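Structure file model-v9.cif (mmCIF, C-alpha atoms) follows.
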data_data
loop_
_atom_site.label_atom_id
_atom_site.label_comp_id
_atom_site.auth_asym_id
_atom_site.auth_seq_id
_atom_site.Cartn_x
_atom_site.Cartn_y
_atom_site.Cartn_z
CA MET A 1160 -149.30 -219.15 -66.46
CA LYS A 1161 -151.61 -221.79 -65.05
CA LYS A 1162 -150.94 -224.56 -62.57
CA MET A 1163 -147.25 -225.20 -61.94
CA PHE A 1164 -146.68 -228.95 -61.73
CA ILE A 1165 -144.34 -230.49 -59.23
CA VAL A 1166 -145.60 -234.06 -59.81
CA LEU A 1167 -147.59 -236.25 -57.59
CA LEU A 1168 -149.38 -235.86 -54.46
CA PRO A 1169 -151.59 -237.89 -52.27
CA PHE A 1170 -154.07 -238.67 -49.66
CA VAL A 1171 -152.94 -240.76 -47.22
CA ASN A 1172 -155.68 -241.15 -46.49
CA ALA A 1173 -156.14 -238.23 -48.60
CA LEU A 1174 -157.61 -236.32 -51.43
CA LEU A 1175 -157.39 -233.18 -53.28
CA LEU A 1176 -155.99 -230.44 -55.34
CA THR A 1177 -154.05 -227.27 -55.11
CA GLY A 1178 -153.43 -223.74 -55.73
CA CYS A 1179 -151.89 -220.57 -54.75
CA GLY A 1180 -152.48 -217.43 -52.82
CA GLY A 1181 -155.44 -215.44 -51.64
CA GLY A 1182 -159.00 -216.51 -51.41
CA ASP A 1183 -161.71 -216.64 -48.81
CA SER A 1184 -161.34 -220.21 -47.59
CA PRO A 1185 -163.00 -220.93 -44.25
CA PRO A 1186 -160.57 -220.56 -41.34
CA ALA A 1187 -159.12 -223.84 -40.12
CA ALA A 1188 -156.36 -224.90 -37.80
CA LEU A 1189 -153.06 -225.86 -39.40
CA PRO A 1190 -152.94 -229.68 -39.19
CA GLY A 1191 -150.24 -231.51 -37.24
CA PRO A 1192 -147.98 -234.33 -38.47
CA PRO A 1193 -149.51 -237.59 -39.71
CA MET A 1194 -150.11 -240.33 -37.15
CA THR A 1195 -147.60 -243.18 -37.29
CA PRO A 1196 -149.52 -246.32 -38.33
CA THR A 1197 -149.46 -249.25 -35.91
CA PRO A 1198 -147.34 -252.06 -37.40
CA GLY A 1199 -149.38 -255.09 -38.36
CA THR A 1200 -152.73 -253.33 -38.11
CA SER A 1201 -152.63 -251.06 -41.16
CA SER A 1202 -151.69 -251.37 -44.81
CA LEU A 1203 -150.29 -248.89 -47.32
CA TYR A 1204 -152.69 -247.85 -50.08
CA ILE A 1205 -151.65 -245.58 -52.95
CA GLY A 1206 -153.87 -244.19 -55.69
CA TYR A 1207 -154.97 -240.99 -57.38
CA TYR A 1208 -157.46 -238.16 -57.13
CA THR A 1209 -159.07 -236.09 -59.87
CA GLU A 1210 -160.73 -232.70 -60.07
CA SER A 1211 -164.25 -232.88 -61.48
CA PRO A 1212 -164.18 -231.23 -64.95
CA ASP A 1213 -167.45 -229.41 -64.33
CA ALA A 1214 -166.03 -228.04 -61.05
CA ASP A 1215 -162.78 -226.92 -62.72
CA LYS A 1216 -163.30 -226.04 -66.36
CA GLU A 1217 -159.96 -224.20 -66.52
CA ASP A 1218 -157.37 -226.87 -65.74
CA PRO A 1219 -158.62 -230.08 -64.05
CA THR A 1220 -155.53 -231.77 -62.61
CA PRO A 1221 -155.11 -235.30 -61.23
CA GLY A 1222 -152.53 -236.33 -58.64
CA ILE A 1223 -151.27 -239.22 -56.54
CA LEU A 1224 -152.38 -239.95 -52.97
CA TYR A 1225 -151.43 -242.49 -50.31
CA ALA A 1226 -152.94 -243.84 -47.10
CA PHE A 1227 -152.28 -246.29 -44.29
CA LEU A 1228 -155.70 -247.81 -43.76
CA PRO A 1229 -156.35 -249.77 -40.56
CA ASP A 1230 -157.53 -253.36 -40.81
CA ASP A 1231 -160.56 -252.83 -38.58
CA SER A 1232 -163.09 -250.13 -37.69
CA THR A 1233 -160.73 -247.55 -36.18
CA PRO A 1234 -159.70 -243.94 -36.86
CA PHE A 1235 -156.75 -243.08 -39.07
CA SER A 1236 -154.92 -239.93 -40.07
CA GLY A 1237 -152.82 -239.21 -43.09
CA GLU A 1238 -151.30 -236.75 -45.46
CA PHE A 1239 -151.71 -235.56 -49.02
CA PHE A 1240 -149.84 -233.09 -51.12
CA PHE A 1241 -150.77 -231.56 -54.41
CA SER A 1242 -149.46 -232.47 -57.85
CA TYR A 1243 -148.46 -228.92 -58.58
CA ALA A 1244 -146.53 -226.44 -56.51
CA GLY A 1245 -148.92 -223.53 -56.59
CA CYS A 1246 -147.88 -220.04 -57.53
CA VAL A 1247 -144.96 -219.67 -55.15
CA GLY A 1248 -143.18 -222.91 -56.02
CA SER A 1249 -143.59 -224.54 -52.61
CA THR A 1250 -144.68 -228.09 -51.81
CA ASP A 1251 -148.27 -227.74 -50.65
CA THR A 1252 -149.40 -230.34 -48.13
CA GLY A 1253 -152.48 -231.32 -46.16
CA LEU A 1254 -153.58 -233.84 -43.58
CA LEU A 1255 -156.77 -235.70 -42.92
CA ASP A 1256 -158.64 -237.30 -40.08
CA GLY A 1257 -160.61 -240.37 -41.11
CA LEU A 1258 -162.49 -243.42 -39.89
CA ARG A 1259 -162.69 -246.84 -41.49
CA MET A 1260 -165.91 -248.73 -40.87
CA ASN A 1261 -166.17 -252.38 -41.87
CA GLY A 1262 -168.88 -254.77 -40.78
CA GLY A 1263 -172.33 -255.94 -41.75
CA SER A 1264 -173.14 -252.66 -43.48
CA GLY A 1265 -170.06 -252.79 -45.72
CA ASP A 1266 -166.55 -251.35 -45.76
CA SER A 1267 -166.14 -247.58 -46.00
CA ILE A 1268 -163.84 -244.68 -45.17
CA SER A 1269 -164.79 -241.09 -44.42
CA GLY A 1270 -163.43 -237.99 -42.74
CA THR A 1271 -162.22 -234.43 -43.15
CA TRP A 1272 -159.08 -232.86 -44.61
CA SER A 1273 -157.22 -229.61 -44.06
CA GLY A 1274 -154.28 -228.35 -46.06
CA ASP A 1275 -151.92 -225.40 -46.48
CA VAL A 1276 -151.82 -224.27 -50.13
CA ASP A 1277 -149.63 -221.25 -50.86
CA GLY A 1278 -150.02 -220.14 -47.25
CA ASN A 1279 -153.82 -220.44 -47.19
CA ILE A 1280 -155.64 -223.09 -45.18
CA HIS A 1281 -158.28 -225.05 -47.11
CA SER A 1282 -160.52 -227.79 -45.79
CA GLY A 1283 -163.21 -230.24 -46.80
CA ALA A 1284 -164.49 -233.79 -46.50
CA PHE A 1285 -164.09 -237.18 -48.19
CA SER A 1286 -165.93 -240.50 -48.24
CA GLY A 1287 -165.56 -243.76 -50.11
CA ASN A 1288 -166.42 -247.44 -50.22
CA ALA A 1289 -164.48 -250.65 -50.81
CA LEU A 1290 -164.87 -252.46 -54.12
CA ALA A 1291 -163.48 -255.81 -55.24
CA ASP A 1292 -159.88 -256.66 -54.32
CA GLY A 1293 -159.81 -254.05 -51.55
CA ILE A 1294 -159.94 -251.04 -53.88
CA PHE A 1295 -161.58 -247.91 -52.43
CA THR A 1296 -163.33 -245.30 -54.55
CA GLY A 1297 -165.11 -242.16 -53.44
CA ILE A 1298 -165.52 -238.41 -53.58
CA TRP A 1299 -163.92 -235.40 -51.93
CA THR A 1300 -165.32 -231.89 -51.52
CA ARG A 1301 -163.85 -228.50 -50.65
CA ASN A 1302 -165.56 -226.18 -48.19
CA GLY A 1303 -166.72 -223.15 -50.14
CA GLY A 1304 -166.83 -224.96 -53.49
CA SER A 1305 -164.66 -224.16 -56.51
CA GLN A 1306 -162.47 -221.08 -56.35
CA GLN A 1307 -160.22 -219.22 -58.79
CA PHE A 1308 -156.83 -217.89 -57.72
CA ARG A 1309 -154.57 -215.29 -59.31
CA PHE A 1310 -151.09 -214.36 -58.19
CA GLY A 1311 -148.64 -211.73 -59.46
CA LYS A 1312 -148.91 -208.96 -62.03
CA VAL A 1313 -148.75 -208.90 -65.82
CA PRO A 1314 -146.70 -210.29 -67.49
CA PHE A 1315 -145.89 -212.71 -64.64
CA VAL A 1316 -149.36 -213.91 -63.65
CA CYS A 1317 -150.09 -217.34 -62.19
CA HIS A 1318 -153.73 -218.43 -62.10
CA TYR A 1319 -155.74 -221.60 -61.72
CA THR A 1320 -158.96 -223.04 -60.33
CA PHE A 1321 -159.12 -225.07 -57.13
CA ALA A 1322 -162.04 -227.44 -57.78
CA GLY A 1323 -164.79 -227.79 -55.21
CA ARG A 1324 -165.09 -231.54 -55.67
CA GLY A 1325 -163.63 -234.58 -57.36
CA ASN A 1326 -163.10 -238.33 -57.13
CA PHE A 1327 -160.42 -240.63 -55.79
CA THR A 1328 -159.34 -244.26 -56.08
CA LEU A 1329 -157.05 -246.07 -53.62
CA TYR A 1330 -155.33 -249.37 -54.43
CA PRO A 1331 -153.29 -251.77 -52.31
CA VAL A 1332 -149.60 -251.56 -53.26
CA ASP A 1333 -148.62 -253.71 -56.26
CA SER A 1334 -151.94 -253.20 -58.01
CA GLY A 1335 -153.70 -250.80 -60.36
CA THR A 1336 -154.34 -250.76 -64.10
CA LEU A 1337 -150.66 -250.36 -65.11
CA PRO A 1338 -148.11 -253.15 -64.42
CA ILE A 1339 -144.64 -251.74 -63.61
CA ASP A 1340 -141.51 -253.86 -64.04
CA VAL A 1341 -138.57 -252.98 -61.77
CA ASP A 1342 -135.06 -254.05 -62.88
CA LEU A 1343 -132.69 -254.13 -59.89
CA THR A 1344 -129.53 -255.10 -61.76
CA ASP A 1345 -128.07 -251.94 -60.22
CA PRO A 1346 -130.02 -251.61 -56.94
CA ALA A 1347 -128.90 -247.99 -56.53
CA MET A 1348 -130.37 -247.06 -59.93
CA PRO A 1349 -133.41 -249.26 -60.59
CA VAL A 1350 -134.96 -249.21 -64.06
CA PHE A 1351 -138.75 -248.95 -64.37
CA THR A 1352 -140.61 -250.20 -67.46
CA PHE A 1353 -144.32 -249.79 -68.22
CA ASP A 1354 -146.67 -249.55 -71.22
CA LEU A 1355 -148.74 -246.34 -71.26
CA SER A 1356 -152.06 -245.74 -72.96
CA ASN A 1357 -151.81 -244.08 -76.38
CA LEU A 1358 -154.17 -241.40 -75.03
CA ALA A 1359 -151.66 -240.31 -72.37
CA THR A 1360 -150.04 -236.91 -72.90
CA TRP A 1361 -147.96 -236.82 -69.70
CA TYR A 1362 -147.10 -239.02 -66.73
CA ASN A 1363 -145.84 -238.68 -63.16
CA LEU A 1364 -143.43 -241.22 -61.71
CA ASN A 1365 -142.68 -241.10 -57.98
CA VAL A 1366 -140.47 -243.20 -55.73
CA PHE A 1367 -141.22 -243.35 -51.99
CA ASP A 1368 -139.30 -244.78 -49.05
CA ALA A 1369 -142.07 -247.04 -47.70
CA ASP A 1370 -140.33 -247.54 -44.34
CA CYS A 1371 -140.14 -243.77 -43.93
CA LEU A 1372 -143.87 -243.42 -44.68
CA ALA A 1373 -144.69 -246.18 -42.17
CA ALA A 1374 -142.71 -244.27 -39.54
CA GLY A 1375 -144.87 -241.19 -40.09
CA GLY A 1376 -142.25 -239.25 -42.04
CA GLY A 1377 -144.63 -237.76 -44.59
CA VAL A 1378 -144.13 -236.95 -48.25
CA SER A 1379 -141.72 -234.05 -47.65
CA THR A 1380 -139.29 -236.53 -46.07
CA CYS A 1381 -140.12 -239.82 -47.79
CA LEU A 1382 -140.36 -238.82 -51.47
CA MET A 1383 -137.03 -239.99 -52.89
CA TRP A 1384 -137.43 -238.90 -56.52
CA TYR A 1385 -140.08 -237.77 -58.96
CA LEU A 1386 -140.31 -237.25 -62.70
CA ARG A 1387 -143.03 -235.50 -64.71
CA GLN A 1388 -142.73 -236.17 -68.42
CA THR A 1389 -144.72 -235.55 -71.58
CA THR A 1390 -145.46 -238.69 -73.59
CA SER A 1391 -147.20 -240.06 -76.65
CA GLY A 1392 -147.91 -243.33 -74.82
CA GLY A 1393 -146.61 -246.83 -75.46
CA PRO A 1394 -143.69 -248.75 -73.89
CA THR A 1395 -141.66 -246.49 -71.58
CA THR A 1396 -138.39 -247.06 -69.70
CA VAL A 1397 -137.16 -244.76 -66.93
CA THR A 1398 -133.91 -245.00 -64.93
CA TYR A 1399 -133.94 -243.77 -61.34
CA GLY A 1400 -132.49 -240.27 -61.01
CA MET A 1401 -132.36 -239.50 -64.73
CA GLY A 1402 -134.16 -236.16 -65.10
CA GLY A 1403 -136.85 -234.83 -62.82
CA SER A 1404 -136.03 -233.81 -59.26
CA ALA A 1405 -132.70 -234.36 -57.53
CA ALA A 1406 -132.73 -238.06 -56.56
CA GLN A 1407 -132.02 -239.08 -52.98
CA PRO A 1408 -129.80 -242.14 -52.42
CA LEU A 1409 -132.03 -245.17 -51.90
CA GLN A 1410 -131.69 -246.41 -48.33
CA GLY A 1411 -133.60 -248.88 -46.19
CA ALA A 1412 -135.30 -252.07 -47.28
CA ASN A 1413 -138.65 -251.12 -48.77
CA HIS A 1414 -139.59 -248.69 -51.53
CA VAL A 1415 -142.61 -248.08 -53.77
CA VAL A 1416 -142.73 -246.65 -57.29
CA THR A 1417 -145.97 -245.17 -58.66
CA VAL A 1418 -146.86 -244.12 -62.20
CA MET A 1419 -149.95 -242.10 -63.13
CA SER A 1420 -150.71 -240.75 -66.60
CA SER A 1421 -153.33 -238.31 -67.86
CA ASP A 1422 -154.69 -237.07 -71.17
CA ALA A 1423 -154.84 -233.43 -72.26
CA ASN A 1424 -158.18 -232.97 -70.46
CA GLY A 1425 -156.86 -234.17 -67.09
CA ALA A 1426 -158.51 -237.60 -67.25
CA VAL A 1427 -156.40 -240.40 -65.71
CA GLN A 1428 -155.41 -243.04 -68.28
CA ASP A 1429 -153.00 -245.27 -66.34
CA TYR A 1430 -152.16 -245.91 -62.72
CA GLY A 1431 -149.99 -248.53 -61.04
CA SER A 1432 -147.57 -249.09 -58.16
CA SER A 1433 -144.84 -251.62 -57.45
CA ALA A 1434 -142.90 -252.40 -54.28
CA PHE A 1435 -139.19 -253.13 -54.52
CA SER A 1436 -136.21 -253.59 -52.21
CA GLY A 1437 -133.48 -251.00 -51.69
CA PRO A 1438 -129.76 -251.50 -52.21
#
I need this file expressed as structure tokens, please.
Amino acid sequence: MKKMFIVLLPFVNALLLTGCGGGDSPPAALPGPPMTPTPGTSSLYIGYYTESPDADKEDPTPGILYAFLPDDSTPFSGEFFFSYAGCVGSTDTGLLDGLRMNGGSGDSISGTWSGDVDGNIHSGAFSGNALADGIFTGIWTRNGGSQQFRFGKVPFVCHYTFAGRGNFTLYPVDSGTLPIDVDLTDPAMPVFTFDLSNLATWYNLNVFDADCLAAGGGVSTCLMWYLRQTTSGGPTTVTYGMGGSAAQPLQGANHVVTVMSSDANGAVQDYGSSAFSGP
């Protein structure tokens, strides 16, 4: 058994990948809760990370990440969690400490991350630069480089590679390469429609309570529903709560849906997000 998917993940300001037990990761302090963004001075960004194929030849795995980036040159903190649950079936999470710098030399973000994956603390760094339309792209690295993990005994063995580096892309909400239509005829069960690449072999759909994220709630509290589904691409329609995880009742005013697809080699084919109002 290789990586066990749970769907999604992010980087709040955040990047990375996951795994399970053991290993010789450098010691690091368990991170605290994410910092609540200051209203009016930060904006929600959501995107995806990838594992570099040459750093993880076994099972390169992309995932979703989110971040509240400040408007000016100030520090920020955030959270990410991995797109698969590791070998013990838990939700593996991590936090980061970052700094946005914008001025005459350009607009960039950089910092460090630290996360608990299957009870082991991993850490590393990330850096990126702003492109057109406020999109940020960059790289992340893991202290100690790539590492293989194995958990359990034959015939119940879980194994995977935690890549030592990869890339990330962060978009403002309501942008990306994949338009998502949200039908709110029944506000308690919105219907999401999108047109996937024919190269896609699976996709992750996630619904977040945006107000909860803005209050510093974190993914463990603010993820309302997720679905991971195999696909052959093309037009796709998904109804909230049908399949996937147990759906939480939509509450509050503001929500965000994200969709990210990948091919059989772990390369991202589609990504998009759309904000919508709750019931």
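What the PyMOL selection byres ((chain A and resi 1421) around 7) picks from this file is Ala1359, Thr1360, Trp1361, Tyr1362, Met1419, Ser1420, Asp1422, Ala1423, Gly1425, Ala1426, Val1427 and Gln1428 of chain A.
With all atoms listed in the file taken into account, the protein and nucleic acid residues at most 10 Å from Ala1322 (chain A) (excluding it and anything under 5 positions from it in its own chain) are Leu1175, Leu1176, Thr1177, Gly1178, Thr1209, Glu1210, Ser1211, Pro1212, Asp1213, Ala1214, Asp1215, Lys1216, Glu1217, Asp1218, Pro1219, Thr1220, Thr1300, Arg1301, Gly1303, Gly1304, Ser1305, Gln1306 and Gln1307 of chain A.
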Original post:
Of the candidates A:Phe1295, A:Tyr1204, A:Phe1285, A:Phe1435, which one gets nearest to Met1348 (chain A) if we count all atoms listed in the file?
Top reply: A:Phe1435
Subject >> Near-Leu1290 (chain A) list (12 Å; only C-alpha atoms; drop same-chain fewer than 5 positions) as a PyMOL selection string >> reply: chain A and resi 1265-1268+1295-1297+1328-1331
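Between Thr1336 (chain A) and the residues A:Asn1363, A:Ser1432, A:Ser1282, A:Thr1390, the shortest atom-to-atom distance, using all atoms listed in the file, involves A:Ser1432.
Residue nearest Gly1437 (chain A), chosen from A:Thr1395, A:Pro1346, A:Gly1377, A:Gln1388 and counting only C-alpha atoms: A:Pro1346.
Between CA of Asn1261 (chain A) and CA of Asp1231 (chain A) lies a distance of 6.5 Å.
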Give me the residues within 10 Å of Leu1337 (chain A) as a PDB file with C-alpha atoms, in the coordinates of the input, counting only C-alpha atoms and dropping any in the same chain fewer than 3 places off.
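Below is the file that was written, selection-v9.pdb:
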ATOM      1  CA  ASP A1333    -148.620-253.710 -56.260  1.00  0.00           C
ATOM      2  CA  SER A1334    -151.940-253.200 -58.010  1.00  0.00           C
ATOM      3  CA  ASP A1340    -141.510-253.860 -64.040  1.00  0.00           C
ATOM      4  CA  PHE A1353    -144.320-249.790 -68.220  1.00  0.00           C
ATOM      5  CA  ASP A1354    -146.670-249.550 -71.220  1.00  0.00           C
ATOM      6  CA  LEU A1355    -148.740-246.340 -71.260  1.00  0.00           C
ATOM      7  CA  SER A1356    -152.060-245.740 -72.960  1.00  0.00           C
ATOM      8  CA  THR A1417    -145.970-245.170 -58.660  1.00  0.00           C
ATOM      9  CA  VAL A1418    -146.860-244.120 -62.200  1.00  0.00           C
ATOM     10  CA  MET A1419    -149.950-242.100 -63.130  1.00  0.00           C
ATOM     11  CA  SER A1420    -150.710-240.750 -66.600  1.00  0.00           C
ATOM     12  CA  GLN A1428    -155.410-243.040 -68.280  1.00  0.00           C
ATOM     13  CA  ASP A1429    -153.000-245.270 -66.340  1.00  0.00           C
ATOM     14  CA  TYR A1430    -152.160-245.910 -62.720  1.00  0.00           C
ATOM     15  CA  GLY A1431    -149.990-248.530 -61.040  1.00  0.00           C
ATOM     16  CA  SER A1432    -147.570-249.090 -58.160  1.00  0.00           C
ATOM     17  CA  SER A1433    -144.840-251.620 -57.450  1.00  0.00           C
TER      18      SER A1433
END
**OP:** Name the closest residue to Ser1269 (chain A) among the candidates A:Phe1351, A:Phe1367, A:Phe1235, A:Phe1315; distances are taken between atoms, counting only C-alpha atoms.
**Re:** A:Phe1235
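Note that CA of Ser1436 (chain A) and CA of Thr1380 (chain A) are 18.4 Å apart.
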**OP:** Enumerate, as a ChimeraX atom specification, the protein, DNA and RNA residues whose atoms approach (-137.5, -244.9, -43.6) to within 10 Å, taking into account all atoms listed in the file and the coordinate frame of the file.
**Re:** /A:1367-1376,1380-1381,1409-1414
Subject >> Hits from the PyMOL selection byres ((chain A and resi 1284) around 6), listed as a PyMOL selection string >> reply: chain A and resi 1270-1272+1283+1285+1299-1300
Subject >> Option closest in space to Gly1325 (chain A), from A:Ile1205, A:Ile1298, A:Leu1358, A:Ile1223 [counting only C-alpha atoms] >> reply: A:Ile1298
Original post:
Could you name the residues that touch Val1350 (chain A) at 7 Å or less, counting all atoms listed in the file, but leaving out those on the same chain fewer than 2 positions away, as a ChimeraX atom specification?
Top reply: /A:1341-1343,1348,1352,1396-1399
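For the choices A:Pro1408, A:Gly1257, A:Pro1438, A:Pro1338, the atom-to-atom distance to Pro1394 (chain A) is smallest for A:Pro1338 when using only C-alpha atoms.
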